[in-house]
>>> print(open('start_2.pdb').read())   # PDB, C-alpha atoms and all ligand atoms
ATOM      1  CA  MET A   1       0.000   0.000   0.000
ATOM      2  CA  PRO A   2       1.276   3.526  -0.733
ATOM      3  CA  LYS A   3       1.575   6.243   1.900
ATOM      4  CA  CYS A   4      -1.349   8.136   3.430
ATOM      5  CA  HIS A   5      -2.315  11.340   1.638
ATOM      6  CA  TYR A   6      -2.046  13.329   4.877
ATOM      7  CA  CYS A   7       0.888  11.739   6.741
ATOM      8  CA  GLU A   8       3.866   9.420   6.496
ATOM      9  CA  ARG A   9       2.024   6.312   7.656
ATOM     10  CA  GLU A  10       1.155   3.437   5.354
ATOM     11  CA  ALA A  11      -2.337   3.668   3.853
ATOM     12  CA  VAL A  12      -4.911   1.029   4.859
ATOM     13  CA  VAL A  13      -7.464   2.015   2.238
ATOM     14  CA  ARG A  14      -7.744   3.541  -1.202
ATOM     15  CA  LEU A  15     -10.872   5.584  -1.956
ATOM     16  CA  PRO A  16     -10.997   5.900  -5.764
ATOM     17  CA  TYR A  17     -14.016   8.256  -5.711
ATOM     18  CA  ALA A  18     -12.100  10.731  -3.537
ATOM     19  CA  LYS A  19      -8.693   9.973  -5.107
ATOM     20  CA  LEU A  20      -7.263   9.332  -1.628
ATOM     21  CA  ASN A  21      -5.080   6.756   0.111
ATOM     22  CA  LEU A  22      -5.534   6.961   3.886
ATOM     23  CA  CYS A  23      -3.908   5.540   6.991
ATOM     24  CA  GLU A  24      -6.112   4.175   9.798
ATOM     25  CA  LYS A  25      -6.204   7.454  11.738
ATOM     26  CA  HIS A  26      -6.992   9.639   8.736
ATOM     27  CA  PHE A  27      -9.491   7.107   7.403
ATOM     28  CA  GLU A  28     -11.471   7.368  10.638
ATOM     29  CA  GLU A  29     -11.313  11.170  10.548
ATOM     30  CA  TYR A  30     -12.413  11.136   6.917
ATOM     31  CA  LEU A  31     -15.431   8.891   7.623
ATOM     32  CA  LEU A  32     -16.439  10.932  10.670
ATOM     33  CA  ARG A  33     -16.369  14.126   8.587
ATOM     34  CA  LYS A  34     -18.292  12.436   5.784
ATOM     35  CA  LEU A  35     -20.912  11.200   8.268
ATOM     36  CA  GLU A  36     -21.223  14.615   9.891
ATOM     37  CA  ARG A  37     -21.671  16.262   6.488
ATOM     38  CA  SER A  38     -24.311  13.716   5.397
ATOM     39  CA  ILE A  39     -26.277  14.277   8.631
ATOM     40  CA  ALA A  40     -26.168  18.046   8.094
ATOM     41  CA  ARG A  41     -26.754  17.942   4.298
ATOM     42  CA  TYR A  42     -30.000  15.989   4.638
ATOM     43  CA  GLY A  43     -31.066  17.418   8.015
ATOM     44  CA  MET A  44     -31.138  13.957   9.626
ATOM     45  CA  PHE A  45     -30.960  15.095  13.237
ATOM     46  CA  LYS A  46     -29.757  17.990  15.316
ATOM     47  CA  LYS A  47     -27.176  18.102  18.075
ATOM     48  CA  GLY A  48     -28.535  16.656  21.313
ATOM     49  CA  GLU A  49     -31.521  14.878  19.741
ATOM     50  CA  ARG A  50     -32.331  11.355  20.934
ATOM     51  CA  VAL A  51     -31.660   8.852  18.204
ATOM     52  CA  ILE A  52     -32.251   5.120  17.992
ATOM     53  CA  VAL A  53     -29.693   3.104  16.015
ATOM     54  CA  GLY A  54     -31.011  -0.172  14.670
ATOM     55  CA  VAL A  55     -28.148  -2.660  15.115
ATOM     56  CA  SER A  56     -28.397  -6.166  13.686
ATOM     57  CA  GLY A  57     -24.868  -7.143  14.710
ATOM     58  CA  GLY A  58     -23.592  -7.188  11.114
ATOM     59  CA  LYS A  59     -20.698  -4.952  10.031
ATOM     60  CA  ASP A  60     -22.794  -2.087   8.607
ATOM     61  CA  SER A  61     -24.834  -1.396  11.717
ATOM     62  CA  ILE A  62     -21.919  -1.984  14.108
ATOM     63  CA  VAL A  63     -19.805   0.547  12.161
ATOM     64  CA  LEU A  64     -22.729   3.005  12.150
ATOM     65  CA  ALA A  65     -23.155   2.732  15.930
ATOM     66  CA  ASP A  66     -19.384   3.029  16.368
ATOM     67  CA  LEU A  67     -19.071   6.174  14.221
ATOM     68  CA  LEU A  68     -22.219   7.836  15.607
ATOM     69  CA  SER A  69     -21.023   7.275  19.166
ATOM     70  CA  LYS A  70     -17.624   8.764  18.274
ATOM     71  CA  LEU A  71     -19.310  11.741  16.636
ATOM     72  CA  GLY A  72     -21.141  12.253  19.913
ATOM     73  CA  SER A  73     -23.709  14.717  18.566
ATOM     74  CA  ALA A  74     -26.811  12.618  19.310
ATOM     75  CA  ARG A  75     -27.968  10.741  22.401
ATOM     76  CA  LEU A  76     -28.050   7.158  21.208
ATOM     77  CA  LEU A  77     -29.988   4.048  22.089
ATOM     78  CA  VAL A  78     -28.929   0.838  20.353
ATOM     79  CA  VAL A  79     -31.973  -1.276  19.484
ATOM     80  CA  HIS A  80     -31.633  -4.869  18.333
ATOM     81  CA  VAL A  81     -34.443  -7.160  17.218
ATOM     82  CA  ASP A  82     -33.688 -10.799  18.029
ATOM     83  CA  LEU A  83     -35.429 -12.586  15.180
ATOM     84  CA  GLY A  84     -35.310 -16.077  16.695
ATOM     85  CA  ILE A  85     -33.285 -17.500  13.773
ATOM     86  CA  GLY A  86     -31.429 -20.163  15.806
ATOM     87  CA  GLU A  87     -27.674 -19.818  16.244
ATOM     88  CA  TYR A  88     -27.495 -16.797  13.900
ATOM     89  CA  SER A  89     -29.785 -14.753  16.163
ATOM     90  CA  ARG A  90     -28.106 -15.941  19.360
ATOM     91  CA  LYS A  91     -24.731 -14.799  18.039
ATOM     92  CA  SER A  92     -26.090 -11.506  16.740
ATOM     93  CA  SER A  93     -27.777 -10.560  20.049
ATOM     94  CA  GLU A  94     -24.635 -11.418  21.980
ATOM     95  CA  VAL A  95     -22.443  -9.302  19.695
ATOM     96  CA  VAL A  96     -24.808  -6.323  20.039
ATOM     97  CA  ARG A  97     -24.933  -6.726  23.815
ATOM     98  CA  ARG A  98     -21.145  -6.970  24.161
ATOM     99  CA  PHE A  99     -20.527  -4.091  21.763
ATOM    100  CA  SER A 100     -22.971  -1.819  23.634
ATOM    101  CA  VAL A 101     -21.597  -2.711  27.063
ATOM    102  CA  GLU A 102     -17.996  -2.143  25.927
ATOM    103  CA  ARG A 103     -18.901   1.259  24.465
ATOM    104  CA  GLY A 104     -21.061   2.259  27.411
ATOM    105  CA  LEU A 105     -24.069   2.619  25.104
ATOM    106  CA  ASP A 106     -27.640   2.117  26.258
ATOM    107  CA  TYR A 107     -29.237  -0.795  24.478
ATOM    108  CA  PHE A 108     -32.574  -2.437  24.094
ATOM    109  CA  ILE A 109     -33.109  -5.969  22.800
ATOM    110  CA  VAL A 110     -36.531  -7.014  21.553
ATOM    111  CA  ARG A 111     -36.879 -10.800  21.333
ATOM    112  CA  LEU A 112     -39.536 -12.273  19.088
ATOM    113  CA  LEU A 113     -39.326 -15.477  21.150
ATOM    114  CA  ASP A 114     -40.707 -13.486  24.099
ATOM    115  CA  TYR A 115     -43.890 -13.207  22.027
ATOM    116  CA  ASN A 116     -43.801 -16.933  21.258
ATOM    117  CA  THR A 117     -42.860 -16.380  17.640
ATOM    118  CA  SER A 118     -39.843 -16.038  15.340
ATOM    119  CA  ILE A 119     -39.052 -15.236  11.709
ATOM    120  CA  PRO A 120     -38.876 -18.952  10.723
ATOM    121  CA  GLU A 121     -42.279 -19.534  12.340
ATOM    122  CA  LEU A 122     -43.901 -16.496  10.734
ATOM    123  CA  ALA A 123     -42.365 -17.476   7.390
ATOM    124  CA  SER A 124     -43.661 -21.034   7.551
ATOM    125  CA  SER A 125     -47.203 -19.799   8.235
ATOM    126  CA  LEU A 126     -47.013 -17.186   5.484
ATOM    127  CA  ARG A 127     -45.582 -19.185   2.618
ATOM    128  CA  SER A 128     -46.505 -16.539   0.074
ATOM    129  CA  ARG A 129     -43.956 -14.100   1.535
ATOM    130  CA  ARG A 130     -40.178 -14.341   1.674
ATOM    131  CA  PRO A 131     -38.697 -14.419   5.208
ATOM    132  CA  CYS A 132     -36.650 -11.288   4.358
ATOM    133  CA  SER A 133     -39.735  -9.227   3.594
ATOM    134  CA  ILE A 134     -41.450 -10.425   6.807
ATOM    135  CA  CYS A 135     -38.281  -9.569   8.686
ATOM    136  CA  GLY A 136     -38.248  -6.071   7.159
ATOM    137  CA  VAL A 137     -41.821  -5.433   8.343
ATOM    138  CA  VAL A 138     -41.011  -6.705  11.865
ATOM    139  CA  LYS A 139     -37.818  -4.664  12.251
ATOM    140  CA  ARG A 140     -39.372  -1.465  10.905
ATOM    141  CA  TYR A 141     -42.341  -1.881  13.241
ATOM    142  CA  VAL A 142     -40.266  -2.521  16.368
ATOM    143  CA  LEU A 143     -37.846   0.360  15.712
ATOM    144  CA  ASN A 144     -40.734   2.744  15.118
ATOM    145  CA  ALA A 145     -42.617   1.557  18.198
ATOM    146  CA  VAL A 146     -39.561   1.883  20.458
ATOM    147  CA  ALA A 147     -38.863   5.385  19.120
ATOM    148  CA  LEU A 148     -42.426   6.609  19.603
ATOM    149  CA  ASP A 149     -43.142   4.874  22.891
ATOM    150  CA  LEU A 150     -39.851   5.902  24.500
ATOM    151  CA  GLY A 151     -39.905   9.428  23.071
ATOM    152  CA  PHE A 152     -36.983   9.357  20.602
ATOM    153  CA  ASP A 153     -36.575  11.877  17.790
ATOM    154  CA  ALA A 154     -35.344   9.621  14.999
ATOM    155  CA  VAL A 155     -34.468   6.077  13.962
ATOM    156  CA  ALA A 156     -31.145   5.612  12.161
ATOM    157  CA  THR A 157     -30.488   2.496  10.095
ATOM    158  CA  ALA A 158     -27.305   1.386   8.342
ATOM    159  CA  HIS A 159     -28.561   1.048   4.752
ATOM    160  CA  HIS A 160     -25.620   2.065   2.585
ATOM    161  CA  GLY A 161     -25.302   3.657  -0.839
ATOM    162  CA  ASP A 162     -24.439   0.405  -2.662
ATOM    163  CA  ASP A 163     -27.767  -1.168  -1.648
ATOM    164  CA  ILE A 164     -29.828   2.014  -1.884
ATOM    165  CA  SER A 165     -28.655   2.744  -5.439
ATOM    166  CA  VAL A 166     -29.756  -0.796  -6.419
ATOM    167  CA  TYR A 167     -33.233  -0.184  -4.906
ATOM    168  CA  ILE A 168     -33.514   3.114  -6.788
ATOM    169  CA  LEU A 169     -32.773   1.517 -10.155
ATOM    170  CA  LYS A 170     -34.909  -1.530  -9.394
ATOM    171  CA  SER A 171     -37.925   0.640  -8.532
ATOM    172  CA  PHE A 172     -37.373   2.630 -11.708
ATOM    173  CA  LEU A 173     -37.010  -0.449 -13.934
ATOM    174  CA  THR A 174     -40.141  -2.027 -12.486
ATOM    175  CA  GLN A 175     -41.876   1.386 -12.663
ATOM    176  CA  ASP A 176     -42.753   1.193  -8.990
ATOM    177  CA  TYR A 177     -42.935   4.931  -8.423
ATOM    178  CA  ASP A 178     -44.587   4.620  -5.005
ATOM    179  CA  GLN A 179     -41.532   2.722  -3.834
ATOM    180  CA  LEU A 180     -39.131   5.010  -5.699
ATOM    181  CA  TYR A 181     -40.416   8.082  -3.884
ATOM    182  CA  LYS A 182     -40.165   6.364  -0.517
ATOM    183  CA  ILE A 183     -36.411   5.808  -0.958
ATOM    184  CA  SER A 184     -34.843   8.788   0.734
ATOM    185  CA  PRO A 185     -32.005   9.668   3.138
ATOM    186  CA  VAL A 186     -34.686  11.120   5.440
ATOM    187  CA  ASN A 187     -38.333  10.146   5.841
ATOM    188  CA  PRO A 188     -39.980  12.742   8.052
ATOM    189  CA  GLY A 189     -41.884  11.619  11.127
ATOM    190  CA  ILE A 190     -45.628  11.991  11.663
ATOM    191  CA  LYS A 191     -46.637  12.954  15.177
ATOM    192  CA  GLY A 192     -47.810   9.972  17.203
ATOM    193  CA  LEU A 193     -47.719   7.631  14.193
ATOM    194  CA  ALA A 194     -44.225   7.374  12.782
ATOM    195  CA  ALA A 195     -40.758   8.409  13.901
ATOM    196  CA  ARG A 196     -38.399  10.215  11.506
ATOM    197  CA  ARG A 197     -36.288   7.610   9.677
ATOM    198  CA  VAL A 198     -32.755   8.501   8.634
ATOM    199  CA  LYS A 199     -29.995   6.732   6.708
ATOM    200  CA  PRO A 200     -26.665   8.273   7.718
ATOM    201  CA  PHE A 201     -24.808   5.866   5.364
ATOM    202  CA  TYR A 202     -26.836   7.060   2.352
ATOM    203  CA  GLU A 203     -23.635   8.158   0.583
ATOM    204  CA  PHE A 204     -21.339   5.454   2.008
ATOM    205  CA  TYR A 205     -19.899   2.578   0.025
ATOM    206  CA  GLU A 206     -19.983  -0.917   1.457
ATOM    207  CA  PHE A 207     -16.247  -1.403   0.864
ATOM    208  CA  GLU A 208     -15.344   1.580   3.055
ATOM    209  CA  ILE A 209     -17.576   0.308   5.871
ATOM    210  CA  GLU A 210     -15.991  -3.123   5.568
ATOM    211  CA  LYS A 211     -12.437  -1.728   5.459
ATOM    212  CA  PHE A 212     -13.141   0.385   8.518
ATOM    213  CA  ALA A 213     -14.498  -2.583  10.501
ATOM    214  CA  GLU A 214     -11.380  -4.512   9.519
ATOM    215  CA  ALA A 215      -8.922  -1.692  10.267
ATOM    216  CA  LYS A 216     -10.490  -1.131  13.688
ATOM    217  CA  ASN A 217     -10.901  -4.817  14.400
ATOM    218  CA  LEU A 218     -14.545  -4.289  15.325
ATOM    219  CA  MET A 219     -16.540  -7.274  16.520
ATOM    220  CA  TYR A 220     -19.434  -8.125  14.253
ATOM    221  CA  VAL A 221     -21.310 -11.148  12.935
ATOM    222  CA  SER A 222     -19.774 -12.050   9.589
ATOM    223  CA  GLU A 223     -22.197 -14.890   8.746
ATOM    224  CA  LYS A 224     -24.989 -13.821   6.467
ATOM    225  CA  CYS A 225     -28.561 -14.414   7.573
ATOM    226  CA  PRO A 226     -29.577 -17.898   6.355
ATOM    227  CA  PHE A 227     -32.687 -16.367   4.756
ATOM    228  CA  LYS A 228     -30.834 -13.697   2.783
ATOM    229  CA  HIS A 229     -32.093 -13.674  -0.767
ATOM    230  CA  ILE A 230     -30.941 -11.559  -3.704
ATOM    231  CA  GLY A 231     -33.229 -11.689  -6.739
ATOM    232  CA  TRP A 232     -31.992 -11.922 -10.336
ATOM    233  CA  LEU A 233     -32.884  -8.333 -11.211
ATOM    234  CA  GLU A 234     -30.984  -7.019  -8.195
ATOM    235  CA  LYS A 235     -27.935  -9.048  -9.256
ATOM    236  CA  ILE A 236     -28.021  -7.570 -12.761
ATOM    237  CA  ILE A 237     -28.415  -4.017 -11.431
ATOM    238  CA  ARG A 238     -25.647  -4.535  -8.880
ATOM    239  CA  ASP A 239     -23.227  -5.680 -11.617
ATOM    240  CA  LEU A 240     -24.202  -2.795 -13.849
ATOM    241  CA  LEU A 241     -23.634  -0.244 -11.073
ATOM    242  CA  GLU A 242     -20.286  -1.859 -10.206
ATOM    243  CA  LYS A 243     -19.156  -1.445 -13.815
ATOM    244  CA  ALA A 244     -20.338   2.177 -13.904
ATOM    245  CA  GLU A 245     -18.490   2.869 -10.652
ATOM    246  CA  GLU A 246     -15.291   1.326 -12.035
ATOM    247  CA  GLU A 247     -15.573   3.420 -15.165
ATOM    248  CA  ALA A 248     -16.429   6.627 -13.296
ATOM    249  CA  PRO A 249     -15.580   6.498  -9.571
ATOM    250  CA  GLY A 250     -18.233   8.392  -7.612
ATOM    251  CA  PHE A 251     -21.010   7.460 -10.064
ATOM    252  CA  LYS A 252     -23.194   5.986  -7.323
ATOM    253  CA  ILE A 253     -22.861   9.019  -5.060
ATOM    254  CA  ALA A 254     -23.887  11.284  -7.957
ATOM    255  CA  LEU A 255     -26.920   9.041  -8.612
ATOM    256  CA  LEU A 256     -27.874   9.002  -4.911
ATOM    257  CA  ARG A 257     -27.539  12.779  -4.606
ATOM    258  CA  SER A 258     -29.649  13.591  -7.611
ATOM    259  CA  HIS A 259     -32.272  11.058  -6.515
ATOM    260  CA  ALA A 260     -32.369  12.682  -3.048
ATOM    261  CA  ARG A 261     -32.720  16.154  -4.569
ATOM    262  CA  ARG A 262     -35.741  15.050  -6.563
ATOM    263  CA  VAL A 263     -37.408  13.064  -3.813
ATOM    264  CA  LEU A 264     -36.893  15.681  -1.125
ATOM    265  CA  ALA A 265     -38.310  18.322  -3.458
ATOM    266  CA  VAL A 266     -41.575  16.442  -4.032
ATOM    267  CA  GLU A 267     -42.024  15.194  -0.489
ATOM    268  CA  GLY A 268     -44.999  16.747   1.244
ATOM    269  CA  ARG A 269     -46.785  17.345  -2.050
ATOM    270  CA  SER A 270     -47.281  13.610  -2.537
ATOM    271  CA  ALA A 271     -47.823  12.764   1.142
ATOM    272  CA  GLU A 272     -50.852  10.557   1.591
ATOM    273  CA  LYS A 273     -53.099  11.170   4.539
ATOM    274  CA  PRO A 274     -51.555   9.096   7.328
ATOM    275  CA  LYS A 275     -53.869   6.689   9.138
ATOM    276  CA  ALA A 276     -53.599   5.013  12.523
ATOM    277  CA  CYS A 277     -53.734   1.214  12.669
ATOM    278  CA  ALA A 278     -57.068   0.086  14.171
ATOM    279  CA  SER A 279     -55.272  -2.556  16.250
ATOM    280  CA  CYS A 280     -52.139  -0.801  17.530
ATOM    281  CA  GLY A 281     -52.479   2.910  16.699
ATOM    282  CA  LEU A 282     -49.239   3.251  14.693
ATOM    283  CA  ILE A 283     -48.920   4.321  11.070
ATOM    284  CA  SER A 284     -50.837   2.288   8.543
ATOM    285  CA  GLU A 285     -51.661   2.466   4.856
ATOM    286  CA  GLY A 286     -54.941   0.587   5.290
ATOM    287  CA  SER A 287     -57.145   0.016   8.304
ATOM    288  CA  GLU A 288     -54.534  -2.222   9.949
ATOM    289  CA  CYS A 289     -50.720  -1.781   9.758
ATOM    290  CA  SER A 290     -48.618  -4.358   7.936
ATOM    291  CA  PHE A 291     -47.185  -5.765  11.192
ATOM    292  CA  CYS A 292     -50.613  -6.312  12.770
ATOM    293  CA  ARG A 293     -51.967  -7.710   9.495
ATOM    294  CA  LEU A 294     -49.020 -10.047   9.098
ATOM    295  CA  THR A 295     -49.137 -11.355  12.679
ATOM    296  CA  ARG A 296     -52.936 -11.713  12.513
ATOM    297  CA  ARG A 297     -52.587 -13.921   9.419
ATOM    298  CA  ALA A 298     -49.726 -15.998  10.848
ATOM    299  CA  LEU A 299     -50.708 -16.270  14.515
ATOM    300  CA  GLY A 300     -54.419 -15.588  14.467
ATOM    301  CA  TYR A 301     -54.135 -12.275  16.375
ATOM    302  CA  PRO A 302     -52.371  -8.928  15.818
ATOM    303  CA  LEU A 303     -49.246  -8.495  17.912
ATOM    304  CA  GLY A 304     -48.738  -4.720  17.653
ATOM    305  CA  LEU A 305     -50.392  -3.556  20.861
ATOM    306  CA  GLN A 306     -48.725  -6.274  22.929
ATOM    307  CA  VAL A 307     -45.299  -5.237  21.601
ATOM    308  CA  ARG A 308     -46.013  -1.569  22.336
ATOM    309  CA  ARG A 309     -47.208  -2.348  25.872
ATOM    310  CA  SER A 310     -44.121  -4.323  26.708
ATOM    311  CA  ILE A 311     -41.877  -1.584  25.319
ATOM    312  CA  VAL A 312     -43.493   0.869  27.697
ATOM    313  CA  SER A 313     -43.235  -1.464  30.664
ATOM    314  CA  SER A 314     -39.801  -2.679  29.479
ATOM    315  CA  ALA A 315     -40.957  -6.270  29.986
ATOM    316  CA  GLY A 316     -39.182  -8.750  27.773
ATOM    317  CA  PHE A 317     -36.348  -6.337  26.973
ATOM    318  CA  THR A 318     -32.766  -5.964  28.062
ATOM    319  CA  ILE A 319     -31.303  -2.576  28.793
ATOM    320  CA  ARG A 320     -28.063  -1.485  30.366
ATOM    321  CA  ALA A 321     -28.556  -1.535  34.132
ATOM    322  CA  ASP A 322     -27.619   2.101  34.704
ATOM    323  CA  SER A 323     -29.679   3.359  31.758
ATOM    324  CA  LYS A 324     -31.904   6.345  32.360
ATOM    325  CA  GLN A 325     -34.190   5.267  29.548
ATOM    326  CA  ALA A 326     -35.389   2.016  31.111
TER
HETATM  327 FE1  LIG B   1     -34.068 -10.639   8.234
HETATM  328 FE2  LIG B   1     -32.508 -12.404   7.409
HETATM  329  S1  LIG B   1     -32.001 -10.677   8.573
HETATM  330  S2  LIG B   1     -34.599 -12.488   7.303
HETATM  331 ZN    ZN B   2      -2.459   9.507   7.692
HETATM  332 ZN    ZN B   3     -50.820  -2.197  13.966
END
>>> encode(input="start_2.pdb", output="structure tokens", more="lines below")
Ligand code: FES
Ligand code: ZN
Ligand code: ZN
Amino acid sequence: MPKCHYCEREAVVRLPYAKLNLCEKHFEEYLLRKLERSIARYGMFKKGERVIVGVSGGKDSIVLADLLSKLGSARLLVVHVDLGIGEYSRKSSEVVRRFSVERGLDYFIVRLLDYNTSIPELASSLRSRRPCSICGVVKRYVLNAVALDLGFDAVATAHHGDDISVYILKSFLTQDYDQLYKISPVNPGIKGLAARRVKPFYEFYEFEIEKFAEAKNLMYVSEKCPFKHIGWLEKIIRDLLEKAEEEAPGFKIALLRSHARRVLAVEGRSAEKPKACASCGLISEGSECSFCRLTRRALGYPLGLQVRRSIVSSAGFTIRADSKQA
């Protein structure tokens, strides 16, 4: 590896889009500045706000929690949803717990098994849906419920630019404009129904997150979820975007920025009237939210209200003993 752009040390990473080779110290400073600028550019949250970080235990969310805690501008609560996927979930919860304790971060673990269910069980009752899409509904619901019921300002998730740019092109190619307009670095909250959702890694590449985790020797779960599924169209788009990025480094960031400009400009004009779920009271497109609908179909009853009640009473959750938020 050549020398760092800013000092005499050996570089640990090359960032073609920024034309920079960086040592470990300057790489961390670079990512912290980039994160700070992304948060400010898209108005994700303000200094001192209370922010939930959704942490699965994989490298992306561990790096996000690590960098946000180093940035120190928000008051963080790490929230992990234990999906009940055997050994994979046991490992993931343990990594999140250990990481949070070591960093002195407050954390909250929501276990589906405490509600006598799990992703494999929900998936086997709902054969028409892929486990990943069920999992997405569950995680989104829990993060939103924790944020609203414990009075947090925003929910941050670790979706990065490599994945988001694939979703943008996929929605465009399938002409799913509803979905296309939902993809945004910031989805504003709706009082009492939905917390603000932010993606601080909107302009981050997966390789830089991975390199950082490696350089810092961060603990994370490297096994992929056994249910992870990538469809054929996503594979084609991913390859295409990789080639474009090789040809013109920074291509994806340019795509993400212009998409954000468009979406943020139309937001508000296209906002549908938000409804409250008849079963749990959180945001819903129809009379019942997708989480309550999904659990009603799989288990015979909607689970939303029960989850919200136990968040408020903290039953079934783990939180750092000296936490003020418990
Ligand atoms: Fe959600 Fe795999 S992480 S199904
Ligand atoms: Zn350096
Ligand atoms: Zn509901």
>>> closest_atom_pairs(input="start_2.pdb", of="region 64-142 of chain A", to="region 156-180 of chain A", cutoff="10 Å", atoms="all atoms listed in the file", output="tab-separated table")
residue	atom	partner	partner_atom	distance
A:Leu64	CA	A:Ala158	CA	6.2
A:Ala65	CA	A:Ala158	CA	8.8
A:Leu68	CA	A:Ala156	CA	9.8
A:Leu76	CA	A:Ala156	CA	9.7
A:Val78	CA	A:Ala156	CA	9.7
A:Arg140	CA	A:Thr157	CA	9.8
>>> resolve_selection(input="start_2.pdb", expression="the PyMOL selection byres (((chain A and resi 209) around 10) and not hetatm)", output="PyMOL selection string")
chain A and resi 31+59-64+160+201+204-208+210-215
>>> write_last_selection(input="start_2.pdb", atoms="C-alpha atoms", output="compact mmCIF listing (two decimals), in the frame of the given file")
# COMPACT_ATOMS: atom_id res chain seq x y z
CA LEU A 31 -15.43 8.89 7.62
CA LYS A 59 -20.70 -4.95 10.03
CA ASP A 60 -22.79 -2.09 8.61
CA SER A 61 -24.83 -1.40 11.72
CA ILE A 62 -21.92 -1.98 14.11
CA VAL A 63 -19.80 0.55 12.16
CA LEU A 64 -22.73 3.00 12.15
CA HIS A 160 -25.62 2.06 2.58
CA PHE A 201 -24.81 5.87 5.36
CA PHE A 204 -21.34 5.45 2.01
CA TYR A 205 -19.90 2.58 0.02
CA GLU A 206 -19.98 -0.92 1.46
CA PHE A 207 -16.25 -1.40 0.86
CA GLU A 208 -15.34 1.58 3.06
CA GLU A 210 -15.99 -3.12 5.57
CA LYS A 211 -12.44 -1.73 5.46
CA PHE A 212 -13.14 0.38 8.52
CA ALA A 213 -14.50 -2.58 10.50
CA GLU A 214 -11.38 -4.51 9.52
CA ALA A 215 -8.92 -1.69 10.27
>>> resolve_selection(input="start_2.pdb", expression="the PyMOL selection byres (((chain A and resi 27) around 10) and not hetatm)", output="ChimeraX atom specification")
/A:4,11-15,20-26,28-33,208,211-212,215
>>> resolve_selection(input="start_2.pdb", expression="the PyMOL selection byres (((chain A and resi 250-261) around 9) and not hetatm)", output="JSON, numbers by chain")
{"A": [16, 17, 18, 42, 161, 162, 164, 165, 168, 183, 184, 185, 186, 202, 203, 204, 205, 241, 242, 244, 245, 246, 247, 248, 249, 262, 263, 264, 265, 266]}
>>> write_last_selection(input="start_2.pdb", atoms="C-alpha atoms", output="PDB file, in the coordinates of the input")
ATOM      1  CA  PRO A  16     -10.997   5.900  -5.764  1.00  0.00           C
ATOM      2  CA  TYR A  17     -14.016   8.256  -5.711  1.00  0.00           C
ATOM      3  CA  ALA A  18     -12.100  10.731  -3.537  1.00  0.00           C
ATOM      4  CA  TYR A  42     -30.000  15.989   4.638  1.00  0.00           C
ATOM      5  CA  GLY A 161     -25.302   3.657  -0.839  1.00  0.00           C
ATOM      6  CA  ASP A 162     -24.439   0.405  -2.662  1.00  0.00           C
ATOM      7  CA  ILE A 164     -29.828   2.014  -1.884  1.00  0.00           C
ATOM      8  CA  SER A 165     -28.655   2.744  -5.439  1.00  0.00           C
ATOM      9  CA  ILE A 168     -33.514   3.114  -6.788  1.00  0.00           C
ATOM     10  CA  ILE A 183     -36.411   5.808  -0.958  1.00  0.00           C
ATOM     11  CA  SER A 184     -34.843   8.788   0.734  1.00  0.00           C
ATOM     12  CA  PRO A 185     -32.005   9.668   3.138  1.00  0.00           C
ATOM     13  CA  VAL A 186     -34.686  11.120   5.440  1.00  0.00           C
ATOM     14  CA  TYR A 202     -26.836   7.060   2.352  1.00  0.00           C
ATOM     15  CA  GLU A 203     -23.635   8.158   0.583  1.00  0.00           C
ATOM     16  CA  PHE A 204     -21.339   5.454   2.008  1.00  0.00           C
ATOM     17  CA  TYR A 205     -19.899   2.578   0.025  1.00  0.00           C
ATOM     18  CA  LEU A 241     -23.634  -0.244 -11.073  1.00  0.00           C
ATOM     19  CA  GLU A 242     -20.286  -1.859 -10.206  1.00  0.00           C
ATOM     20  CA  ALA A 244     -20.338   2.177 -13.904  1.00  0.00           C
ATOM     21  CA  GLU A 245     -18.490   2.869 -10.652  1.00  0.00           C
ATOM     22  CA  GLU A 246     -15.291   1.326 -12.035  1.00  0.00           C
ATOM     23  CA  GLU A 247     -15.573   3.420 -15.165  1.00  0.00           C
ATOM     24  CA  ALA A 248     -16.429   6.627 -13.296  1.00  0.00           C
ATOM     25  CA  PRO A 249     -15.580   6.498  -9.571  1.00  0.00           C
ATOM     26  CA  ARG A 262     -35.741  15.050  -6.563  1.00  0.00           C
ATOM     27  CA  VAL A 263     -37.408  13.064  -3.813  1.00  0.00           C
ATOM     28  CA  LEU A 264     -36.893  15.681  -1.125  1.00  0.00           C
ATOM     29  CA  ALA A 265     -38.310  18.322  -3.458  1.00  0.00           C
ATOM     30  CA  VAL A 266     -41.575  16.442  -4.032  1.00  0.00           C
TER      31      VAL A 266
END
>>> atom_distance(input="start_2.pdb", atom1="CA of Leu218 (chain A)", atom2="CA of Gly58 (chain A)")
10.4 Å
>>> axis_aligned_box(input="start_2.pdb", around="ligand LIG 1 (chain B)", padding_each_side="5 Å", output="AutoDock Vina command-line options")
--center_x -33.3 --center_y -11.6 --center_z 7.9 --size_x 12.6 --size_y 11.8 --size_z 11.3
>>> closest_residue(input="start_2.pdb", among="A:Ser222, A:Val53, A:Val307, A:Leu150", to="Leu113 (chain A)", atoms="all atoms listed in the file")
A:Val307
>>> closest_residue(input="start_2.pdb", among="A:Arg129, A:Lys275, A:Arg196, A:Lys235", to="ligand LIG 1 (chain B)", atoms="all atoms listed in the file")
A:Arg129
>>> closest_residue(input="start_2.pdb", among="A:Val155, A:Leu148, A:Ala276, A:Val96", to="Val51 (chain A)", atoms="only C-alpha atoms")
A:Val155
>>> closest_residue(input="start_2.pdb", among="A:Leu35, A:Cys280, A:Ile236, A:Leu67", to="ligand ZN 3 (chain B)", atoms="all atoms listed in the file")
A:Cys280
>>> residues_near_ligand(input="start_2.pdb", ligand="ligand ZN 3 (chain B)", cutoff="7 Å", atoms="only C-alpha atoms and all ligand atoms", output="list of chain:residue names")
A:Cys277, A:Ala278, A:Ser279, A:Cys280, A:Gly281, A:Leu282, A:Glu288, A:Cys289, A:Ser290, A:Phe291, A:Cys292, A:Gly304
